[in-house]
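Participant: Sharing a structure here in structure tokens format.
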Amino acid sequence: MPRDEAVASGGIGKAVKRREDVRFLTGKGTYTDDMNRPDQTYCVFLRSNVAHGQITRVDTAAASAMPGVVRIFTGEDIAAAGLGGVPCGWEITSSNGEKMKEPAHPILAQGKVRHVGDPIAAVVAESREAAKDAAEAIGLEIEEMGAVVNMTTAIQGHGAPVHDEAEDNLCYDWDLGDKDATDAAFANATHVTTLEFVNNRMIPNAMEPRAAIGEYDAARDQHTLYTTSQNPHVIRLLMGAFVLNIPEHKLRVMAPDVGGGFGSKIFHYAEEAFVTWASKEIGRPIKWTAERSESFVTDAHGRDHVTKAELAMDSEGKFLALRADTLANMGAYLSTFAPCVPTWLHGTLLAGQYAHPAVHCRVRAVFTNTVPVDAYRGAGRPEATYLLERLINKAAQEIGLDQVEIRRRNFIRPDQFPYDTPVALQYDTGNYLATLARALEMADYAGFNARKAESAARGKLRGIGLSCYIEACGIAPSSLVGALGARAGLYEAASVRVNPTGSVSVFTGSHSHGQGHETTFAQVVADRLGIPYESIEIVHGDTDRVPFGMGTYGSRSLAVGGTAIVNAVDKVIAKGKKIAAHLMEASEADVVFEDGQYKVAGTDKAKAFGEVSLAAYVPHQYPIEDIEPGLEETAFYDPKNFTFPAGSYLCEVEVDPDTGKIEVLGFWAADDFGNVVNPMIVEGQVHGGLVQGLGQAFIENCVYDENGQLPSGSYMDYAMPRAGDFPSFEVDTCVTACTHNPLGVKGCGEAGAIGAPPALVNAVVDALSAYGVDHIDMPLSPQKVWATIQAAKPAMAAE
Amino acid sequence: MPTVSMTVNGKAVASDVEGRTLLVDFLRENLRLTGTHVGCDTLQCGACVVHVNGDSVKACSMLALSAEGAEITTIEGIANPDGSLSVLQRAFQDHHGLQCGFCTPGMVMSAADLLKRNANPSEREVREWLEGNLCRCTGYHNIVKAILAAAAEMRGEKIAAE
Amino acid sequence: MYNFDYVKPASVADAVAALQGEDAQAIAGGQTLIATMKQRLAQPRTLVDLTGITEMQGISVDGGVVSVGAGARHAEVAGSAEVRGAIPALADLAGKIGDPQVRNRGTIGGSIANNDPSACYPAAVLGLGATVVTNAREIAAADFFQGLYTTSLNEGEVVTAVKFPVAAAASWQKFEQPASRFSLVGVFVAKVEGEVRVAVTGASEEGVFRAAALEQALASDFSAAAVEGASVSSAGMIADLHGTPDYRANLVKVMTKRAVEAMS
């Protein structure tokens, strides 16, 4: 097939319909809970209902005798078996050179419970209901201790700390940037804008609750874990090496269809280790499926920063320096990536799209008696973007500049790339004026005042908010992240197997849980090989089939995993040239590969891709001394730099002053993701990210009370964004190709969640600016907006 | 244990169940029709929506025994008789109305009920109808687009898929 | 959930008999009870399913009274041409309860017997001055609702129908709690039987109530300005994640005002 036709059927740049959809649309997906293994048992965890306490009694005798109970395990069993705790994958070093505090995170509580939901015992039974009945019957006594909930008071060290080894509840005290230069710039500033705010805590809520099935095959001494994971190889590595002491060749981890992750399914969780280990103990498979209420208190949460930020400017509104001081909640234990989220994924992004001469950022990570906090869609970058984009709008308001103009004056210009920021990153490329211009055009920014007047005539307050985000994706250059504390490199791997008759099986370490890799990766390979899209299969999610992988997070799949695939394809092409040269009795140097064919340059000699692959597997008269048969290649790719997607978002809202209710009237997103493989999928990723970001900004909120209880612990009180909460969005892309990966791609999965929150808050603050309002903390719930207006009214009347 | 019998996707089925067995568990575990999903425990997410005697219902909110004698349709039962995707299912694919696929069966079953009642819904009506279906991936944008396109096609109008 | 015996009687008499058993509990649409049982917060020994009782079905309008069988599902009431013709606000209310799937299962009898402080139906029942019919008697709305999750129903007594007087005008205004989508505050205003009634749900710790100050203000001057001039106390109003008592008191006024405007 000529390359153009191959491309037409599914090459790069086409909105190819997703091949994974048919199974999902017909109910034939295979999610972990859809599987039952022969002779399977069910596991229910008895969890702490207090936030902080000493366990004084766990009596399982009566419960163990109940019908259907197979066995009950407690923390003593875990200790007796010598199992490791849940490990953390990143180590941060404090400014004073000390390593972060890293308390043990046991699979089942050892003496103490540290958050509501902390597992105490595990009941394995013939049915889920029998396990629940028995869990209720366990005699449990906990001597309650004061809960550490509020970060500000936690670091003052009052009361019993969460962990004895951190008396002031501090995990680390870290900083980044040139403090002296920053302080000096502030001393010389004409105007300083200060903003103190909370970045509200989120509960990820992937629609598929986590689940895990552990199975042990005694005859083969082989463990299998089926789990809801974004990165099965990482689970195999962490759980095998650090928790259960099972070598890789004896442990298979499969993540079949996974119903969304958003970060929460990156991490290794205690339940996975428990079912894997205990299935061998009882000699039967064990299945655990979270109920939603359990997900609320066991899935790692997101965000939860308390920050003071300051911006120094000259008389023209040019930025001189930025200073930020943040408390970041770690929760009760360190989850897999938790320490790096507020530091290397947050502090490094504080330059934003702007030419700040100096930036200094301090982050103190705090233990509290709450669920662990870790990466959640965007991970650190939404917090950085929110800090900067809210601060800039407040600054614009204070000095009387339009929100667009203040940004234009401070953007890094297109001719300044590559650009070294004062916070450790080098942006390779970008054009922030272009995305801004596109967003303003789509939103008819110029026509806003007329629309505002129309709303005012109806008694409504209209506002428009801008947010210009940047993110660092394509995580990550391994030597760099190693220097920053990552305990593993973040390579990605791929194998490309050309089957004898020319079809292609691609084994990728990336994992798709909604992103559509089965489609987009096949597009990439079709484009590179010039063969039909239909003849390419993408395999993922199984450590026994895929050689290695670090998984999907940080918008890395295409930039890192896709590049590994491209590199493996290029190796296949190179080897194919040797074989083709032999077949055509030509010199290898004269063989070119184009349009899916090996050709001898300057002649009409050609061999189809399939002819060469057939010759590779079932050869006659093959130069076996020179070329090994077979056509399968593996590549590992380590990115040279992060990628830097960026964009401009505009949000228009109307506020009902009587009720405080916000209506989102329009949202316009102009993103630069570099080259786009499948525009349909890219748009879908943006839409989803936007609603998660808007959800954080106006409706979602994880609330702990002073006792460490979670009043927002179900969908009755944790508000999820719904279809009726939004209009349709308008999204578009502008392209500056990434300079350091062969596809020129940057990543698109997190952008919406990063850029949307400040756009919405800026819009609402704009709407309320007539009342003198200059900030409201997220989420902008109706009661909060109404109360803000009420508080502002007297001040207004007095003027 | 009492026995319950009903018709599921056109096929008569019967099984012994406990009183507490929910319809969704009966479908998933007894019949192994695992396309109907469970995403919450408070009757809100809608991943378990099926049709009971033609009405969309959350299968997690109903006891299996309450469905005695009922006609049930699940996501496994709505493709065309030849197994090809129905207009509505295909619209979800054409307009990228699904990502991870977990909420999808409930979305499709809910939307099918809407289109039965209202052949020409406005965007606002579609969005409000979906009040009982949560999706965390798509931002709803393309789900709404897919349903509107399916409605148009079922009315005999053609809207080009982008 | 805990296990139980399940019975599905075909008549009210059989249902009443079945409910005499120890720890027997009636279930209608189950849209609240099933969730409660999943959390193991209810442990009936016998569950008596009322959805198979024909005599509890049906909607009729006769002589200025709309009679709704207790087993009528919200979707039926919302979609009933007879209800919409007689009391459009009642159809409107039913059509805004929960979501379409909840409306396809939930029943009016189940809703009012449960008397959730944020449920919608109690506001219409009280606002219209409806009569609750049971297997044993007829109960005036004002006597039926007895505070949080409490009604004047006796053990084993079953609601069989609700009779609503046709109002001269009525309006239902609901401000949704953003998570549960129950009423954060819902106000049912009716001109009925010669008086103005304002029934409020979602706001008070005591459940549905009539807002006396607003009713007085509106009795003499049925206008938004009269609502504006009245005062609604926040004392006894619910405080939770979604609204302070002050906020709820404000919403009572705002929703009442919007109802009055819709009726004018």
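Letters A, B, ... go to the chains of the structure tokens in the order shown; residues in each chain start at 1; ligands are counted from 1 in the same order.
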When the cut-off is 8 Å and we count only C-alpha atoms, which residues of chain A are near chain B, given as a PyMOL selection string?

Facilitator: chain A and resi 15+17-18+21-22+24-29+34+205-209+257-260+291-293+513-516+680-681+684-685+687-692+714-716+720-724+728-729

Participant: Would you export the selected residues with C-alpha atoms as a PDB file, in the first residue's frame, please?

Facilitator:
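Generated file (part16.pdb):
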ATOM      1  CA  ALA A  15      -9.062  11.536  13.662  1.00  0.00           C
ATOM      2  CA  LYS A  17     -12.071   6.193  15.430  1.00  0.00           C
ATOM      3  CA  ARG A  18     -10.902   4.246  18.425  1.00  0.00           C
ATOM      4  CA  ASP A  21     -14.533   1.379  21.674  1.00  0.00           C
ATOM      5  CA  VAL A  22     -16.366  -1.623  20.313  1.00  0.00           C
ATOM      6  CA  PHE A  24     -16.626  -0.981  25.736  1.00  0.00           C
ATOM      7  CA  LEU A  25     -19.814  -0.156  23.842  1.00  0.00           C
ATOM      8  CA  THR A  26     -21.002  -3.730  23.856  1.00  0.00           C
ATOM      9  CA  GLY A  27     -20.244  -4.543  27.472  1.00  0.00           C
ATOM     10  CA  LYS A  28     -17.275  -6.730  26.557  1.00  0.00           C
ATOM     11  CA  GLY A  29     -14.549  -4.802  28.323  1.00  0.00           C
ATOM     12  CA  ASP A  34     -15.258  -8.471  35.822  1.00  0.00           C
ATOM     13  CA  ASN A 205     -12.783   9.377  41.742  1.00  0.00           C
ATOM     14  CA  ALA A 206     -11.862   7.366  38.696  1.00  0.00           C
ATOM     15  CA  MET A 207     -15.221   5.803  37.902  1.00  0.00           C
ATOM     16  CA  GLU A 208     -13.870   2.284  38.275  1.00  0.00           C
ATOM     17  CA  PRO A 209     -13.134   1.659  41.951  1.00  0.00           C
ATOM     18  CA  ASP A 257      -9.038  -2.706  31.085  1.00  0.00           C
ATOM     19  CA  VAL A 258      -8.723   0.029  33.671  1.00  0.00           C
ATOM     20  CA  GLY A 259     -11.552   2.480  34.234  1.00  0.00           C
ATOM     21  CA  GLY A 260      -9.674   5.732  34.541  1.00  0.00           C
ATOM     22  CA  GLU A 291     -16.726   0.035  47.426  1.00  0.00           C
ATOM     23  CA  ARG A 292     -16.940   3.714  46.542  1.00  0.00           C
ATOM     24  CA  SER A 293     -17.117   4.775  50.188  1.00  0.00           C
ATOM     25  CA  HIS A 513      -6.869   3.489  30.766  1.00  0.00           C
ATOM     26  CA  GLY A 514      -8.901   5.767  28.561  1.00  0.00           C
ATOM     27  CA  GLN A 515      -6.200   7.479  26.517  1.00  0.00           C
ATOM     28  CA  GLY A 516      -6.728   5.373  23.388  1.00  0.00           C
ATOM     29  CA  MET A 680     -10.207  13.732  18.048  1.00  0.00           C
ATOM     30  CA  ILE A 681      -8.516  12.062  20.984  1.00  0.00           C
ATOM     31  CA  GLY A 684     -11.329  14.551  24.224  1.00  0.00           C
ATOM     32  CA  GLN A 685      -8.378  14.692  26.610  1.00  0.00           C
ATOM     33  CA  HIS A 687     -12.478  18.285  27.490  1.00  0.00           C
ATOM     34  CA  GLY A 688     -11.990  15.787  30.298  1.00  0.00           C
ATOM     35  CA  GLY A 689      -9.173  17.738  31.862  1.00  0.00           C
ATOM     36  CA  LEU A 690     -11.193  20.928  31.741  1.00  0.00           C
ATOM     37  CA  VAL A 691     -14.079  19.400  33.652  1.00  0.00           C
ATOM     38  CA  GLN A 692     -11.732  18.033  36.283  1.00  0.00           C
ATOM     39  CA  SER A 714     -19.500   9.953  49.596  1.00  0.00           C
ATOM     40  CA  TYR A 715     -21.166  11.301  46.486  1.00  0.00           C
ATOM     41  CA  MET A 716     -23.895  12.619  48.766  1.00  0.00           C
ATOM     42  CA  MET A 720     -18.903  15.537  41.197  1.00  0.00           C
ATOM     43  CA  PRO A 721     -19.222  17.654  38.066  1.00  0.00           C
ATOM     44  CA  ARG A 722     -22.111  16.540  35.851  1.00  0.00           C
ATOM     45  CA  ALA A 723     -23.176  17.111  32.280  1.00  0.00           C
ATOM     46  CA  GLY A 724     -25.656  19.814  33.263  1.00  0.00           C
ATOM     47  CA  SER A 728     -19.987  22.704  25.306  1.00  0.00           C
ATOM     48  CA  PHE A 729     -16.409  23.902  25.089  1.00  0.00           C
TER      49      PHE A 729
END

Participant: If you take only C-alpha atoms and a cut-off of 10 Å, which residues of chain C touch chain A, and what are their nearest atom pairs and distances in Å to one decimal, in chain and number order, as a Markdown table?

Facilitator:
| residue | atom | partner | partner_atom | distance |
| --- | --- | --- | --- | --- |
| C:Met1 | CA | A:Glu129 | CA | 7.2 |
| C:Tyr2 | CA | A:Glu129 | CA | 7.9 |
| C:Asn3 | CA | A:Glu129 | CA | 9.0 |
| C:Gln39 | CA | A:Ser293 | CA | 9.3 |
| C:Arg40 | CA | A:Lys132 | CA | 9.9 |
| C:Phe175 | CA | A:Thr659 | CA | 8.8 |
| C:Gln177 | CA | A:Asp717 | CA | 8.5 |
| C:Pro178 | CA | A:Ala719 | CA | 5.6 |
| C:Ala179 | CA | A:Ala719 | CA | 3.7 |
| C:Ser180 | CA | A:Met716 | CA | 4.3 |
| C:Arg181 | CA | A:Met716 | CA | 8.1 |
| C:Phe182 | CA | A:Met716 | CA | 8.9 |
| C:Asp240 | CA | A:Pro711 | CA | 9.1 |
| C:Leu241 | CA | A:Asp717 | CA | 7.6 |
| C:His242 | CA | A:Gln783 | CA | 6.9 |
| C:Gly243 | CA | A:Gln783 | CA | 5.8 |
| C:Thr244 | CA | A:Gln783 | CA | 7.6 |
| C:Asp246 | CA | A:Ala787 | CA | 9.1 |
| C:Tyr247 | CA | A:Gln783 | CA | 6.2 |
| C:Arg248 | CA | A:Gln783 | CA | 8.7 |
| C:Asn250 | CA | A:Thr659 | CA | 7.9 |
| C:Leu251 | CA | A:Thr659 | CA | 6.6 |
| C:Lys253 | CA | A:Asp658 | CA | 9.6 |
| C:Val254 | CA | A:Asp658 | CA | 6.7 |
| C:Met255 | CA | A:Thr659 | CA | 9.1 |

Participant: Please produce a file of those selected residues containing N, CA, C and O atoms, as a short mmCIF file (atom, residue, chain, number, x, y, z; two decimals), in the first residue's frame.

Facilitator:
data_model
loop_
_atom_site.label_atom_id
_atom_site.label_comp_id
_atom_site.auth_asym_id
_atom_site.auth_seq_id
_atom_site.Cartn_x
_atom_site.Cartn_y
_atom_site.Cartn_z
N MET C 1 -25.11 -5.62 52.40
CA MET C 1 -26.25 -5.46 53.29
C MET C 1 -26.53 -6.76 54.01
O MET C 1 -26.08 -7.82 53.60
N TYR C 2 -27.26 -6.65 55.12
CA TYR C 2 -27.64 -7.85 55.84
C TYR C 2 -28.71 -8.58 55.04
O TYR C 2 -29.48 -7.96 54.32
N ASN C 3 -28.78 -9.87 55.24
CA ASN C 3 -29.79 -10.61 54.50
C ASN C 3 -31.16 -10.49 55.18
O ASN C 3 -31.25 -10.08 56.35
N GLN C 39 -25.26 0.39 53.41
CA GLN C 39 -24.35 0.87 54.46
C GLN C 39 -24.55 0.10 55.77
O GLN C 39 -23.93 0.43 56.78
N ARG C 40 -25.42 -0.87 55.75
CA ARG C 40 -25.74 -1.69 56.93
C ARG C 40 -26.29 -0.82 58.06
O ARG C 40 -26.05 -1.08 59.24
N PHE C 175 -33.42 24.75 44.89
CA PHE C 175 -32.00 25.06 44.77
C PHE C 175 -31.26 23.80 45.21
O PHE C 175 -31.34 23.37 46.35
N GLN C 177 -28.59 20.96 46.25
CA GLN C 177 -27.32 20.71 46.92
C GLN C 177 -26.41 20.13 45.84
O GLN C 177 -26.80 19.21 45.13
N PRO C 178 -25.20 20.69 45.67
CA PRO C 178 -24.42 20.34 44.48
C PRO C 178 -23.97 18.88 44.41
O PRO C 178 -23.71 18.39 43.32
N ALA C 179 -23.86 18.20 45.53
CA ALA C 179 -23.41 16.80 45.47
C ALA C 179 -24.58 15.84 45.33
O ALA C 179 -24.71 15.14 44.34
N SER C 180 -25.46 15.84 46.29
CA SER C 180 -26.56 14.86 46.30
C SER C 180 -27.67 15.24 45.34
O SER C 180 -28.44 14.38 44.93
N ARG C 181 -27.75 16.48 45.00
CA ARG C 181 -28.82 17.05 44.17
C ARG C 181 -30.19 16.95 44.83
O ARG C 181 -31.21 17.07 44.17
N PHE C 182 -30.21 16.70 46.12
CA PHE C 182 -31.42 16.91 46.89
C PHE C 182 -31.63 18.43 46.99
O PHE C 182 -30.81 19.21 46.53
N ASP C 240 -24.43 22.60 57.32
CA ASP C 240 -23.63 21.48 56.83
C ASP C 240 -22.59 22.01 55.86
O ASP C 240 -22.40 23.23 55.75
N LEU C 241 -21.90 21.10 55.16
CA LEU C 241 -20.84 21.52 54.24
C LEU C 241 -21.35 22.47 53.17
O LEU C 241 -20.59 23.26 52.63
N HIS C 242 -22.63 22.37 52.85
CA HIS C 242 -23.13 23.05 51.66
C HIS C 242 -23.86 24.36 51.97
O HIS C 242 -24.14 25.13 51.05
N GLY C 243 -24.20 24.57 53.21
CA GLY C 243 -24.89 25.81 53.51
C GLY C 243 -24.93 26.09 55.01
O GLY C 243 -25.23 25.21 55.81
N THR C 244 -24.66 27.32 55.35
CA THR C 244 -24.82 27.77 56.73
C THR C 244 -26.31 28.07 56.95
O THR C 244 -27.07 28.23 55.99
N ASP C 246 -27.56 30.89 57.82
CA ASP C 246 -27.81 32.18 57.18
C ASP C 246 -28.03 32.02 55.68
O ASP C 246 -28.90 32.67 55.09
N TYR C 247 -27.20 31.19 55.08
CA TYR C 247 -27.32 30.99 53.64
C TYR C 247 -28.66 30.35 53.31
O TYR C 247 -29.35 30.74 52.37
N ARG C 248 -29.04 29.36 54.13
CA ARG C 248 -30.32 28.70 53.87
C ARG C 248 -31.48 29.68 54.05
O ARG C 248 -32.43 29.69 53.27
N ASN C 250 -31.44 32.81 53.57
CA ASN C 250 -31.46 33.65 52.38
C ASN C 250 -32.12 32.92 51.21
O ASN C 250 -32.95 33.50 50.49
N LEU C 251 -31.75 31.65 51.04
CA LEU C 251 -32.32 30.90 49.92
C LEU C 251 -33.83 30.74 50.06
O LEU C 251 -34.55 30.72 49.07
N LYS C 253 -35.87 32.87 51.17
CA LYS C 253 -36.47 34.10 50.64
C LYS C 253 -36.33 34.19 49.12
O LYS C 253 -37.29 34.51 48.40
N VAL C 254 -35.13 33.89 48.64
CA VAL C 254 -34.89 34.02 47.20
C VAL C 254 -35.78 33.06 46.43
O VAL C 254 -36.40 33.42 45.42
N MET C 255 -35.88 31.83 46.91
CA MET C 255 -36.70 30.84 46.19
C MET C 255 -38.19 31.20 46.28
O MET C 255 -38.94 31.01 45.33
#

Participant: Within 10 Å of chain B, which residues of chain C show up? Give each one with its shortest atom-to-atom distance in Å (one decimal) and the two atoms involved, counting only C-alpha atoms, rows by chain then rising residue number, as CSV.

Facilitator:
residue,atom,partner,partner_atom,distance
C:Met1,CA,B:Arg20,CA,6.6
C:Tyr2,CA,B:Arg20,CA,7.0
C:Asn3,CA,B:Arg20,CA,5.2
C:Phe4,CA,B:Gly19,CA,5.6
C:Asp5,CA,B:Gly19,CA,5.7
C:Tyr6,CA,B:Gly19,CA,5.6
C:Val7,CA,B:Leu65,CA,9.0
C:Lys8,CA,B:Ser66,CA,8.0
C:Ala28,CA,B:Ser66,CA,10.0
C:Gly29,CA,B:Met62,CA,7.9
C:Gly30,CA,B:Ser61,CA,6.6
C:Gln31,CA,B:Ser61,CA,6.1
C:Thr32,CA,B:Ser61,CA,8.6
C:Leu33,CA,B:Ser61,CA,8.9
C:Ile34,CA,B:Ser61,CA,6.0
C:Ala35,CA,B:Thr42,CA,5.5
C:Thr36,CA,B:Thr42,CA,8.4
C:Met37,CA,B:Arg20,CA,9.2
C:Lys38,CA,B:Asp41,CA,7.2
C:Gln39,CA,B:Asp41,CA,8.2
C:Thr46,CA,B:Gly19,CA,9.2
C:Leu47,CA,B:Gly19,CA,8.5
C:Asp49,CA,B:Ser66,CA,7.6
C:Leu50,CA,B:Ser66,CA,9.9
C:Thr51,CA,B:Ser66,CA,8.3
C:Gly52,CA,B:Ser66,CA,9.0
C:Ala75,CA,B:Asp55,CA,9.9
C:Lys96,CA,B:Glu128,CA,9.8
C:Gly98,CA,B:Gly132,CA,7.6
C:Asp99,CA,B:Gly132,CA,5.0
C:Pro100,CA,B:Trp129,CA,6.5
C:Gln101,CA,B:Val57,CA,4.6
C:Val102,CA,B:Val57,CA,7.0
C:Arg103,CA,B:Val57,CA,8.7
C:Asn104,CA,B:Val57,CA,6.4
C:Arg105,CA,B:Val57,CA,6.9
C:Gly106,CA,B:Ser61,CA,9.9
C:Ala179,CA,B:Gln44,CA,9.5
C:Ser180,CA,B:Gln44,CA,8.0
C:Arg181,CA,B:Glu131,CA,9.0

Participant: Name all residues at most 12 Å from Ala80 of chain A (count only C-alpha atoms; drop same-chain ones fewer than 6 positions away) and give them as a list of chain:residue names.

Facilitator: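 Non-adjacent residues within range: A:Phe73, A:Thr74, A:Leu108, A:Gln110.
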
Participant: For C-alpha atoms, I'd like the residues from the last selection saved as a compact mmCIF listing (two decimals), in the first residue's frame.

Facilitator:
# COMPACT_ATOMS: atom_id res chain seq x y z
CA PHE A 73 -5.25 -11.70 58.95
CA THR A 74 -4.06 -8.91 61.24
CA LEU A 108 -1.90 -3.75 57.96
CA GLN A 110 1.13 -2.13 63.44

Participant: Among segment 191-243 of chain C, which ones does DSSP place in strand (DSSP E), written as a list in words?

Facilitator: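 Everything in segment 191-243 of chain C that counts as strand (DSSP E) is Lys191, Val192, Glu195, Val196, Arg197, Val198, Ala199, Val200, Thr201, Phe209 and Arg210 of chain C.
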
Participant: Would you kindly return, as a PyMOL selection string, each protein, DNA or RNA residue with an atom no farther than 10 Å from any atom of Pro422 of chain A, considering only C-alpha atoms and excluding same-chain residues fewer than 5 positions away?

Facilitator: chain A and resi 176-178+321+348-351+355-360

Participant: Quick one: DSSP alpha helix (DSSP H) residues in segment 20-141 of chain B, as a VMD selection string?

Facilitator: chain B and resid 23 to 25 87 to 94 104 to 117 123 to 129 141

Participant: Name the closest residue to Thr7 of chain B among the candidates B:Pro81, B:Leu23, B:Thr73, B:Ala112; distances are taken between atoms, counting only C-alpha atoms.

Facilitator: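 Under the stated criterion, the closest residue is B:Thr73.
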